>>> print(open('entry07.cif').read())   # mmCIF, C-alpha atoms and all ligand atoms
data_structure
loop_
_atom_site.group_PDB
_atom_site.id
_atom_site.type_symbol
_atom_site.label_atom_id
_atom_site.label_comp_id
_atom_site.auth_asym_id
_atom_site.auth_seq_id
_atom_site.Cartn_x
_atom_site.Cartn_y
_atom_site.Cartn_z
ATOM 1 C CA MET R 1 113.934 86.588 120.531
ATOM 2 C CA GLY R 2 113.121 84.193 117.669
ATOM 3 C CA LYS R 3 109.658 83.940 116.155
ATOM 4 C CA THR R 4 107.151 81.167 116.828
ATOM 5 C CA ALA R 5 104.841 79.776 114.156
ATOM 6 C CA LEU R 6 101.798 77.636 114.923
ATOM 7 C CA ILE R 7 101.017 75.335 111.986
ATOM 8 C CA THR R 8 97.808 73.282 111.937
ATOM 9 C CA GLY R 9 97.914 69.925 110.154
ATOM 10 C CA ALA R 10 101.672 69.391 110.327
ATOM 11 C CA THR R 11 101.584 65.575 110.310
ATOM 12 C CA SER R 12 101.635 65.406 106.515
ATOM 13 C CA GLY R 13 101.909 67.244 103.206
ATOM 14 C CA ILE R 14 102.018 71.036 103.054
ATOM 15 C CA GLY R 15 101.873 71.528 106.843
ATOM 16 C CA LYS R 16 104.750 69.145 107.482
ATOM 17 C CA ALA R 17 106.879 70.677 104.706
ATOM 18 C CA THR R 18 106.151 74.152 106.107
ATOM 19 C CA ALA R 19 107.216 72.983 109.576
ATOM 20 C CA GLN R 20 110.449 71.673 108.072
ATOM 21 C CA LEU R 21 111.245 74.843 106.127
ATOM 22 C CA LEU R 22 110.328 77.282 108.899
ATOM 23 C CA SER R 23 112.405 75.380 111.458
ATOM 24 C CA GLU R 24 115.317 75.301 109.012
ATOM 25 C CA ASN R 25 114.916 79.083 109.005
ATOM 26 C CA LYS R 26 115.048 79.219 112.812
ATOM 27 C CA PHE R 27 111.380 79.605 113.662
ATOM 28 C CA ASP R 28 110.298 77.868 116.867
ATOM 29 C CA LEU R 29 107.161 75.877 116.191
ATOM 30 C CA ILE R 30 103.879 74.730 117.630
ATOM 31 C CA ILE R 31 102.568 71.946 115.417
ATOM 32 C CA THR R 32 99.128 70.357 115.501
ATOM 33 C CA GLY R 33 97.268 67.392 114.047
ATOM 34 C CA ARG R 34 95.272 64.375 115.168
ATOM 35 C CA ARG R 35 97.950 61.694 114.662
ATOM 36 C CA GLU R 36 100.016 61.969 117.820
ATOM 37 C CA ASP R 37 102.753 59.494 116.846
ATOM 38 C CA ARG R 38 103.511 61.449 113.672
ATOM 39 C CA LEU R 39 103.422 64.792 115.500
ATOM 40 C CA LYS R 40 105.952 63.537 118.058
ATOM 41 C CA THR R 41 108.253 62.191 115.343
ATOM 42 C CA VAL R 42 108.145 65.459 113.355
ATOM 43 C CA ALA R 43 108.784 67.479 116.526
ATOM 44 C CA SER R 44 111.769 65.455 117.690
ATOM 45 C CA GLU R 45 113.319 65.269 114.199
ATOM 46 C CA LEU R 46 113.093 69.040 113.710
ATOM 47 C CA GLU R 47 114.437 69.809 117.190
ATOM 48 C CA THR R 48 117.413 67.528 116.610
ATOM 49 C CA GLN R 49 118.088 68.715 113.076
ATOM 50 C CA TYR R 50 117.676 72.479 113.497
ATOM 51 C CA GLY R 51 118.030 73.130 117.254
ATOM 52 C CA VAL R 52 114.688 74.946 117.453
ATOM 53 C CA ASN R 53 111.925 74.471 120.010
ATOM 54 C CA VAL R 54 108.989 72.411 118.670
ATOM 55 C CA LYS R 55 105.874 71.836 120.758
ATOM 56 C CA SER R 56 103.284 69.383 119.487
ATOM 57 C CA LEU R 57 99.587 69.660 120.317
ATOM 58 C CA CYS R 58 97.327 66.772 119.386
ATOM 59 C CA PHE R 59 93.706 67.773 118.799
ATOM 60 C CA ASP R 60 90.971 67.907 116.185
ATOM 61 C CA VAL R 61 90.381 71.426 114.808
ATOM 62 C CA ARG R 62 86.653 70.583 114.540
ATOM 63 C CA ASP R 63 86.409 70.377 118.336
ATOM 64 C CA TYR R 64 86.020 73.951 119.640
ATOM 65 C CA ASP R 65 86.533 72.930 123.282
ATOM 66 C CA ALA R 66 89.793 71.186 122.406
ATOM 67 C CA VAL R 67 90.965 74.189 120.356
ATOM 68 C CA THR R 68 90.118 76.525 123.246
ATOM 69 C CA ARG R 69 91.822 74.322 125.879
ATOM 70 C CA ASN R 70 95.013 73.997 123.861
ATOM 71 C CA ILE R 71 95.356 77.689 123.013
ATOM 72 C CA GLU R 72 94.487 78.755 126.572
ATOM 73 C CA ALA R 73 97.230 76.451 127.870
ATOM 74 C CA LEU R 74 99.726 78.258 125.629
ATOM 75 C CA GLN R 75 98.543 81.616 126.990
ATOM 76 C CA LEU R 76 98.972 80.404 130.575
ATOM 77 C CA LYS R 77 102.594 79.622 129.763
ATOM 78 C CA ASN R 78 103.004 83.088 128.203
ATOM 79 C CA ARG R 79 103.776 81.588 124.812
ATOM 80 C CA GLN R 80 103.574 84.064 121.962
ATOM 81 C CA ILE R 81 102.368 83.179 118.490
ATOM 82 C CA ASP R 82 103.930 85.324 115.780
ATOM 83 C CA VAL R 83 102.600 83.348 112.828
ATOM 84 C CA LEU R 84 99.477 81.170 112.531
ATOM 85 C CA VAL R 85 99.360 78.950 109.448
ATOM 86 C CA ASN R 86 95.761 77.758 109.041
ATOM 87 C CA ASN R 87 96.580 74.704 106.953
ATOM 88 C CA ALA R 88 94.600 71.708 108.321
ATOM 89 C CA GLY R 89 92.022 70.747 105.728
ATOM 90 C CA LEU R 90 90.769 68.110 103.369
ATOM 91 C CA ALA R 91 88.571 67.113 100.469
ATOM 92 C CA SER R 92 86.313 64.105 100.962
ATOM 93 C CA GLY R 93 84.623 62.553 97.949
ATOM 94 C CA LEU R 94 84.211 63.694 94.356
ATOM 95 C CA ASP R 95 80.492 63.177 93.797
ATOM 96 C CA LYS R 96 78.018 65.317 91.932
ATOM 97 C CA LEU R 97 75.878 67.297 94.375
ATOM 98 C CA GLN R 98 72.807 65.079 93.862
ATOM 99 C CA ASP R 99 74.867 61.984 94.776
ATOM 100 C CA GLY R 100 76.802 63.635 97.603
ATOM 101 C CA ASP R 101 77.407 61.990 100.963
ATOM 102 C CA VAL R 102 76.321 64.277 103.787
ATOM 103 C CA GLU R 103 79.123 62.886 105.988
ATOM 104 C CA ASP R 104 81.684 64.020 103.388
ATOM 105 C CA TRP R 105 80.106 67.480 103.293
ATOM 106 C CA ASN R 106 80.122 67.807 107.084
ATOM 107 C CA LYS R 107 83.784 66.741 107.291
ATOM 108 C CA MET R 108 84.861 69.372 104.742
ATOM 109 C CA ILE R 109 82.729 72.190 106.138
ATOM 110 C CA ASP R 110 83.655 71.399 109.751
ATOM 111 C CA THR R 111 87.397 71.147 109.051
ATOM 112 C CA ASN R 112 88.080 73.671 106.299
ATOM 113 C CA VAL R 113 85.681 76.374 107.473
ATOM 114 C CA LYS R 114 84.814 75.861 111.131
ATOM 115 C CA GLY R 115 88.272 74.546 112.088
ATOM 116 C CA LEU R 116 89.902 77.609 110.553
ATOM 117 C CA LEU R 117 87.389 79.846 112.337
ATOM 118 C CA TYR R 118 87.901 78.106 115.701
ATOM 119 C CA MET R 119 91.697 78.427 115.498
ATOM 120 C CA SER R 120 91.506 82.060 114.402
ATOM 121 C CA ARG R 121 88.940 82.904 117.093
ATOM 122 C CA GLN R 122 91.350 81.690 119.774
ATOM 123 C CA VAL R 123 94.643 82.976 118.370
ATOM 124 C CA ILE R 124 93.582 86.455 117.164
ATOM 125 C CA PRO R 125 93.020 87.845 120.713
ATOM 126 C CA MET R 126 96.588 86.764 121.605
ATOM 127 C CA MET R 127 97.909 88.583 118.537
ATOM 128 C CA ILE R 128 95.831 91.682 119.332
ATOM 129 C CA LYS R 129 97.369 91.711 122.826
ATOM 130 C CA GLN R 130 100.840 91.362 121.283
ATOM 131 C CA GLY R 131 100.044 94.228 118.896
ATOM 132 C CA ARG R 132 101.307 92.198 115.962
ATOM 133 C CA GLY R 133 101.141 88.811 114.270
ATOM 134 C CA HIS R 134 100.658 87.189 110.896
ATOM 135 C CA ILE R 135 97.949 84.760 109.786
ATOM 136 C CA VAL R 136 98.545 82.692 106.672
ATOM 137 C CA ASN R 137 95.456 80.905 105.384
ATOM 138 C CA ILE R 138 96.019 77.965 103.045
ATOM 139 C CA GLY R 139 93.235 78.330 100.490
ATOM 140 C CA SER R 140 93.190 76.701 97.076
ATOM 141 C CA ILE R 141 92.626 77.356 93.394
ATOM 142 C CA ALA R 142 89.288 75.731 94.366
ATOM 143 C CA GLY R 143 88.593 78.908 96.332
ATOM 144 C CA LYS R 144 88.999 81.040 93.209
ATOM 145 C CA GLU R 145 87.319 78.842 90.592
ATOM 146 C CA VAL R 146 85.045 75.799 90.592
ATOM 147 C CA TYR R 147 85.110 72.504 88.708
ATOM 148 C CA PRO R 148 82.574 69.696 88.203
ATOM 149 C CA ASN R 149 82.366 67.368 91.234
ATOM 150 C CA GLY R 150 84.303 69.866 93.361
ATOM 151 C CA ASN R 151 81.092 71.515 94.626
ATOM 152 C CA VAL R 152 81.333 71.453 98.449
ATOM 153 C CA TYR R 153 85.155 71.436 98.611
ATOM 154 C CA CYS R 154 85.198 74.463 96.275
ATOM 155 C CA GLY R 155 82.547 76.090 98.469
ATOM 156 C CA THR R 156 84.638 75.658 101.620
ATOM 157 C CA LYS R 157 87.716 77.123 99.939
ATOM 158 C CA HIS R 158 85.682 80.078 98.607
ATOM 159 C CA MET R 159 84.734 80.664 102.233
ATOM 160 C CA VAL R 160 88.429 80.580 103.200
ATOM 161 C CA ASP R 161 89.016 83.214 100.499
ATOM 162 C CA ALA R 162 86.244 85.399 101.961
ATOM 163 C CA LEU R 163 87.468 84.940 105.530
ATOM 164 C CA ASN R 164 90.998 85.776 104.482
ATOM 165 C CA LYS R 165 89.807 89.100 103.039
ATOM 166 C CA SER R 166 87.569 89.806 106.048
ATOM 167 C CA MET R 167 90.356 89.099 108.525
ATOM 168 C CA ARG R 168 92.736 91.404 106.671
ATOM 169 C CA ARG R 169 90.247 94.287 106.795
ATOM 170 C CA GLU R 170 89.488 93.737 110.478
ATOM 171 C CA LEU R 171 92.995 93.065 111.759
ATOM 172 C CA ALA R 172 95.156 95.661 110.010
ATOM 173 C CA GLU R 173 94.286 98.217 112.697
ATOM 174 C CA HIS R 174 95.763 95.819 115.269
ATOM 175 C CA GLY R 175 99.066 95.479 113.405
ATOM 176 C CA ILE R 176 98.241 91.945 112.253
ATOM 177 C CA LYS R 177 99.038 90.843 108.715
ATOM 178 C CA VAL R 178 96.797 88.363 106.857
ATOM 179 C CA SER R 179 97.809 86.445 103.741
ATOM 180 C CA ALA R 180 96.516 83.543 101.672
ATOM 181 C CA VAL R 181 98.473 80.941 99.742
ATOM 182 C CA ASN R 182 96.287 79.165 97.172
ATOM 183 C CA PRO R 183 97.777 76.065 95.524
ATOM 184 C CA GLY R 184 96.706 74.008 92.541
ATOM 185 C CA ALA R 185 97.453 70.261 92.442
ATOM 186 C CA VAL R 186 100.046 69.241 95.046
ATOM 187 C CA GLU R 187 100.822 65.544 95.526
ATOM 188 C CA THR R 188 100.378 64.885 99.253
ATOM 189 C CA GLU R 189 97.965 62.625 101.135
ATOM 190 C CA PHE R 190 95.220 64.988 99.901
ATOM 191 C CA SER R 191 93.941 62.780 97.046
ATOM 192 C CA VAL R 192 94.159 59.568 99.107
ATOM 193 C CA VAL R 193 91.893 61.252 101.669
ATOM 194 C CA ARG R 194 89.625 62.610 98.925
ATOM 195 C CA MET R 195 89.296 59.107 97.395
ATOM 196 C CA HIS R 196 88.506 57.615 100.827
ATOM 197 C CA GLY R 197 91.815 55.755 101.034
ATOM 198 C CA ASN R 198 91.904 54.379 97.461
ATOM 199 C CA GLU R 199 95.610 54.882 96.694
ATOM 200 C CA GLU R 200 95.378 53.641 93.128
ATOM 201 C CA LYS R 201 92.716 56.219 92.227
ATOM 202 C CA ALA R 202 94.651 58.904 94.073
ATOM 203 C CA LYS R 203 97.851 58.187 92.150
ATOM 204 C CA LYS R 204 95.998 58.621 88.824
ATOM 205 C CA VAL R 205 95.250 62.279 89.693
ATOM 206 C CA TYR R 206 98.951 63.034 89.174
ATOM 207 C CA ASP R 207 99.549 60.899 86.067
ATOM 208 C CA GLY R 208 101.167 62.463 83.027
ATOM 209 C CA PHE R 209 102.202 65.874 84.364
ATOM 210 C CA GLU R 210 104.543 67.395 86.892
ATOM 211 C CA ASN R 211 102.425 68.203 89.923
ATOM 212 C CA LEU R 212 103.497 70.602 92.663
ATOM 213 C CA VAL R 213 105.133 69.105 95.757
ATOM 214 C CA ALA R 214 104.570 70.200 99.346
ATOM 215 C CA HIS R 215 107.942 71.977 99.445
ATOM 216 C CA ASP R 216 106.791 74.328 96.639
ATOM 217 C CA ILE R 217 104.007 75.602 98.886
ATOM 218 C CA ALA R 218 106.160 75.674 102.041
ATOM 219 C CA ASP R 219 108.596 77.831 100.072
ATOM 220 C CA ALA R 220 105.778 80.301 99.324
ATOM 221 C CA VAL R 221 104.736 80.382 102.993
ATOM 222 C CA LEU R 222 108.355 81.066 103.969
ATOM 223 C CA TYR R 223 108.450 83.942 101.455
ATOM 224 C CA VAL R 224 105.187 85.387 102.790
ATOM 225 C CA VAL R 225 106.277 85.318 106.451
ATOM 226 C CA THR R 226 109.777 86.692 105.913
ATOM 227 C CA ARG R 227 108.903 89.935 104.092
ATOM 228 C CA PRO R 228 109.825 93.188 105.869
ATOM 229 C CA GLU R 229 107.282 94.144 108.569
ATOM 230 C CA HIS R 230 105.689 96.883 106.424
ATOM 231 C CA VAL R 231 105.040 94.506 103.488
ATOM 232 C CA ASN R 232 101.990 92.217 103.322
ATOM 233 C CA ILE R 233 101.462 89.616 100.626
ATOM 234 C CA ASN R 234 97.665 89.519 100.329
ATOM 235 C CA ASP R 235 97.141 86.556 98.058
ATOM 236 C CA LEU R 236 99.239 84.076 96.108
ATOM 237 C CA ILE R 237 98.010 81.497 93.560
ATOM 238 C CA ILE R 238 100.543 78.778 92.777
ATOM 239 C CA MET R 239 99.852 76.250 90.027
ATOM 240 C CA PRO R 240 101.704 73.486 88.211
ATOM 241 C CA LYS R 241 102.743 74.604 84.731
ATOM 242 C CA ALA R 242 100.422 71.914 83.345
ATOM 243 C CA GLN R 243 97.339 73.146 85.283
ATOM 244 C CA PRO R 244 96.221 76.445 83.747
ATOM 245 C CA ALA R 245 92.952 76.468 85.699
ATOM 246 C CA ALA R 246 91.050 74.491 88.330
ATOM 247 C CA GLY R 247 90.058 71.035 87.078
ATOM 248 C CA ASN R 248 92.067 71.537 83.886
ATOM 249 C CA ILE R 249 95.244 69.473 83.584
ATOM 250 C CA ILE R 250 97.304 69.144 80.394
ATOM 251 C CA ARG R 251 98.735 65.616 80.452
ATOM 252 C CA ASP R 252 101.415 63.728 78.518
ATOM 253 C CA LYS R 253 103.297 66.764 77.168
ATOM 254 C CA GLY R 254 106.444 66.071 79.186
ATOM 255 C CA TYR R 255 105.914 68.809 81.829
HETATM 256 P P1 LIG W 301 97.374 66.178 103.632
HETATM 257 O O1 LIG W 301 96.223 65.230 103.689
HETATM 258 O O2 LIG W 301 98.704 65.638 103.273
HETATM 259 O O3 LIG W 301 97.491 66.956 105.029
HETATM 260 C C1 LIG W 301 96.362 67.425 105.704
HETATM 261 C C2 LIG W 301 96.748 67.807 107.122
HETATM 262 O O4 LIG W 301 95.580 68.343 107.781
HETATM 263 C C3 LIG W 301 97.235 66.620 107.927
HETATM 264 O O5 LIG W 301 98.333 67.000 108.713
HETATM 265 C C4 LIG W 301 96.031 66.300 108.819
HETATM 266 O O6 LIG W 301 96.500 65.811 110.062
HETATM 267 C C5 LIG W 301 95.417 67.694 109.018
HETATM 268 N N1 LIG W 301 94.004 67.589 109.365
HETATM 269 C C6 LIG W 301 92.978 67.151 108.588
HETATM 270 N N2 LIG W 301 91.840 67.153 109.273
HETATM 271 C C7 LIG W 301 92.131 67.613 110.516
HETATM 272 C C8 LIG W 301 91.379 67.840 111.696
HETATM 273 N N3 LIG W 301 90.058 67.599 111.721
HETATM 274 N N4 LIG W 301 91.997 68.310 112.794
HETATM 275 C C9 LIG W 301 93.325 68.550 112.764
HETATM 276 N N5 LIG W 301 94.099 68.372 111.686
HETATM 277 C C10 LIG W 301 93.509 67.895 110.577
HETATM 278 O O7 LIG W 301 96.925 67.314 102.598
HETATM 279 P P2 LIG W 301 97.644 68.671 102.118
HETATM 280 O O8 LIG W 301 98.920 68.888 102.805
HETATM 281 O O9 LIG W 301 97.624 68.658 100.650
HETATM 282 O O10 LIG W 301 96.557 69.729 102.616
HETATM 283 C C11 LIG W 301 96.862 70.838 103.437
HETATM 284 C C12 LIG W 301 95.962 72.003 103.059
HETATM 285 O O11 LIG W 301 96.260 72.389 101.721
HETATM 286 C C13 LIG W 301 94.464 71.701 103.093
HETATM 287 O O12 LIG W 301 93.798 72.825 103.639
HETATM 288 C C14 LIG W 301 94.099 71.543 101.621
HETATM 289 O O13 LIG W 301 92.756 71.865 101.362
HETATM 290 C C15 LIG W 301 95.051 72.543 101.003
HETATM 291 N N6 LIG W 301 95.299 72.353 99.583
HETATM 292 C C16 LIG W 301 95.834 71.184 99.115
HETATM 293 C C17 LIG W 301 96.067 71.029 97.760
HETATM 294 C C18 LIG W 301 96.570 69.758 97.175
HETATM 295 O O14 LIG W 301 96.443 69.573 95.945
HETATM 296 N N7 LIG W 301 97.185 68.851 97.938
HETATM 297 C C19 LIG W 301 95.820 72.127 96.825
HETATM 298 C C20 LIG W 301 95.225 73.296 97.425
HETATM 299 C C21 LIG W 301 95.025 73.401 98.760
HETATM 300 P P3 LIG W 301 95.850 64.591 110.881
HETATM 301 O O15 LIG W 301 95.229 63.662 109.888
HETATM 302 O O16 LIG W 301 97.004 64.026 111.648
HETATM 303 O O17 LIG W 301 94.862 65.264 111.767
HETATM 304 C C1 LIG W 302 93.171 71.139 95.919
HETATM 305 C C2 LIG W 302 93.501 71.507 94.514
HETATM 306 O O1 LIG W 302 92.692 71.518 92.102
HETATM 307 O O2 LIG W 302 92.197 69.537 93.469
HETATM 308 O O3 LIG W 302 92.683 72.245 96.618
HETATM 309 O O4 LIG W 302 91.017 71.588 93.875
HETATM 310 S S1 LIG W 302 92.294 71.026 93.453
#
>>> encode(input="entry07.cif", output="structure tokens")
Amino acid sequence: MGKTALITGATSGIGKATAQLLSENKFDLIITGRREDRLKTVASELETQYGVNVKSLCFDVRDYDAVTRNIEALQLKNRQIDVLVNNAGLASGLDKLQDGDVEDWNKMIDTNVKGLLYMSRQVIPMMIKQGRGHIVNIGSIAGKEVYPNGNVYCGTKHMVDALNKSMRRELAEHGIKVSAVNPGAVETEFSVVRMHGNEEKAKKVYDGFENLVAHDIADAVLYVVTRPEHVNINDLIIMPKAQPAAGNIIRDKGY
């Protein structure tokens, strides 16, 4: 039987590219996000193109009842989840702490930390029952280092880093692998969301250097989930050549 991967936040960016690459490699998929029209389009395109089964589930990862309902419904239908990609996440705002907007903070903490916890809380018992599974947490270079004005976003991704390590220690005895993929600057809708919809400001983030694209990260996820069963990739950091560290971009050098 083929494997099934559940990818959160597959309506855009890294999640969508991962859905594309995993389905190209014959994974059946369960894809999630809040924008139902996009989810449906991605699902039907991938089914047509690659002949795999793609189920779309529209819910907000911040809503624990909705997470619970959706995962319980999968269990009732005896669906297995071989791979969980905890990808849904965002940055909101780029203010210094003393100027920060509490709404921005809540959005980031509730999505990046609590959303990842809620999904994992519901899916891990299924994997324990199966006696195997693989969780891939999408962290960030912002979970390894910090940069000015990154404060709360960096904090949430440091928490993802800690949870990734905790999960690995707790789940190995159940035959479950846990990995993190930590990107630097990837041009997706990420900066538009961070700049509260200001596309002009968002575009400037990627001026003068060759940023990563979503496919670069999907390619890493594919690598991580297709290693032999006895091999676990604990942690990957993937950066543009022109970004040697968080918040440090070398521009206008032609790469
Ligand atoms: P995008 O904005 O392009 O995609 C974010 C995805 O997350 C969308 O599919 C969105 O779907 C989903 N999402 C956001 N909030 C929620 C929510 N509350 N409930 C359900 N789904 C949600 O950004 P990226 O692809 O770049 O981001 C993906 C992950 O990669 C994030 O965790 C981000 O922190 C991380 N990352 C990104 C980097 C970058 O430079 N782009 C670098 C390092 C890490 P919808 O709006 O339909 O709900
Ligand atoms: C997003 C990458 O460098 O903007 O996680 O923090 S960065």
>>> residues_around(input="entry07.cif", residues="segment 151-163 of chain R", least_positions_apart="6", cutoff="7 Å", atoms="all atoms listed in the file", output="JSON, numbers by chain")
{"R": [91, 97, 105, 108, 109, 112, 113, 139, 140, 142, 143, 144]}
>>> residues_near_point(input="entry07.cif", point="(82.0, 62.4, 104.7)", cutoff="10 Å", atoms="only C-alpha atoms", output="list in words")
Ala91, Ser92, Gly93, Gly100, Asp101, Val102, Glu103, Asp104, Trp105, Asn106, Lys107, Met108, Ile109, Arg194 and His196 of chain R
>>> residues_near_ligand(input="entry07.cif", ligand="ligand LIG 302 (chain W)", cutoff="6 Å", atoms="only C-alpha atoms and all ligand atoms", output="list in words")
Ser140, Ile141, Ala142, Gly184, Ala185, Ala246 and Gly247 of chain R
>>> closest_residue(input="entry07.cif", among="R:Gly115, R:Gly131, R:Gly51, R:Gly254", to="ligand LIG 301 (chain W)", atoms="all atoms listed in the file")
R:Gly115
>>> residues_near_ligand(input="entry07.cif", ligand="ligand LIG 301 (chain W)", cutoff="8 Å", atoms="all atoms listed in the file", output="ChimeraX atom specification")
/R:8-16,32-36,38-39,58-62,86-91,107,110-112,115,138-142,157,182-193,212,214
>>> closest_residue(input="entry07.cif", among="R:Ser166, R:Gln49, R:Asn248, R:Thr18", to="Pro148 of chain R", atoms="all atoms listed in the file")
R:Asn248
>>> atom_distance(input="entry07.cif", atom1="atom CA of His215 of chain R", atom2="atom CA of Leu171 of chain R")
28.6 Å
>>> resolve_selection(input="entry07.cif", expression="the PyMOL selection byres (((chain R and resi 177) around 8) and not hetatm)", output="list in words")
Arg132, Gly133, His134, Ile135, Arg168, Leu171, Ala172, Gly175, Ile176, Val178, Ser179 and Asn232 of chain R
>>> build_atoms(input="entry07.cif", residues="segment 222-240 of chain R", atoms="N, CA and C atoms", output="compact mmCIF listing (two decimals), keeping the file's coordinate frame")
# COMPACT_ATOMS: atom_id res chain seq x y z
N LEU R 222 107.13 80.46 103.42
CA LEU R 222 108.36 81.07 103.97
C LEU R 222 108.54 82.48 103.40
N TYR R 223 108.34 82.62 102.09
CA TYR R 223 108.45 83.94 101.46
C TYR R 223 107.48 84.94 102.11
N VAL R 224 106.24 84.50 102.26
CA VAL R 224 105.19 85.39 102.79
C VAL R 224 105.53 85.86 104.21
N VAL R 225 106.06 84.96 105.04
CA VAL R 225 106.28 85.32 106.45
C VAL R 225 107.65 85.94 106.72
N THR R 226 108.46 86.09 105.68
CA THR R 226 109.78 86.69 105.91
C THR R 226 109.94 88.01 105.16
N ARG R 227 108.82 88.59 104.70
CA ARG R 227 108.90 89.94 104.09
C ARG R 227 109.15 90.96 105.21
N PRO R 228 109.68 92.14 104.85
CA PRO R 228 109.82 93.19 105.87
C PRO R 228 108.47 93.49 106.52
N GLU R 229 108.51 93.97 107.78
CA GLU R 229 107.28 94.14 108.57
C GLU R 229 106.23 95.01 107.85
N HIS R 230 106.68 95.99 107.05
CA HIS R 230 105.69 96.88 106.42
C HIS R 230 105.08 96.29 105.15
N VAL R 231 105.53 95.11 104.74
CA VAL R 231 105.04 94.51 103.49
C VAL R 231 104.09 93.35 103.81
N ASN R 232 102.90 93.37 103.20
CA ASN R 232 101.99 92.22 103.32
C ASN R 232 101.70 91.62 101.95
N ILE R 233 101.87 90.32 101.85
CA ILE R 233 101.46 89.62 100.63
C ILE R 233 100.00 89.21 100.85
N ASN R 234 99.09 89.80 100.10
CA ASN R 234 97.66 89.52 100.33
C ASN R 234 97.28 88.11 99.89
N ASP R 235 97.73 87.72 98.69
CA ASP R 235 97.14 86.56 98.06
C ASP R 235 98.09 85.99 97.00
N LEU R 236 98.41 84.72 97.13
CA LEU R 236 99.24 84.08 96.11
C LEU R 236 98.48 82.89 95.53
N ILE R 237 98.55 82.71 94.20
CA ILE R 237 98.01 81.50 93.56
C ILE R 237 99.20 80.79 92.93
N ILE R 238 99.37 79.52 93.27
CA ILE R 238 100.54 78.78 92.78
C ILE R 238 100.07 77.50 92.10
N MET R 239 100.37 77.37 90.82
CA MET R 239 99.85 76.25 90.03
C MET R 239 100.99 75.47 89.38
N PRO R 240 100.76 74.19 89.08
CA PRO R 240 101.70 73.49 88.21
C PRO R 240 101.62 74.11 86.82
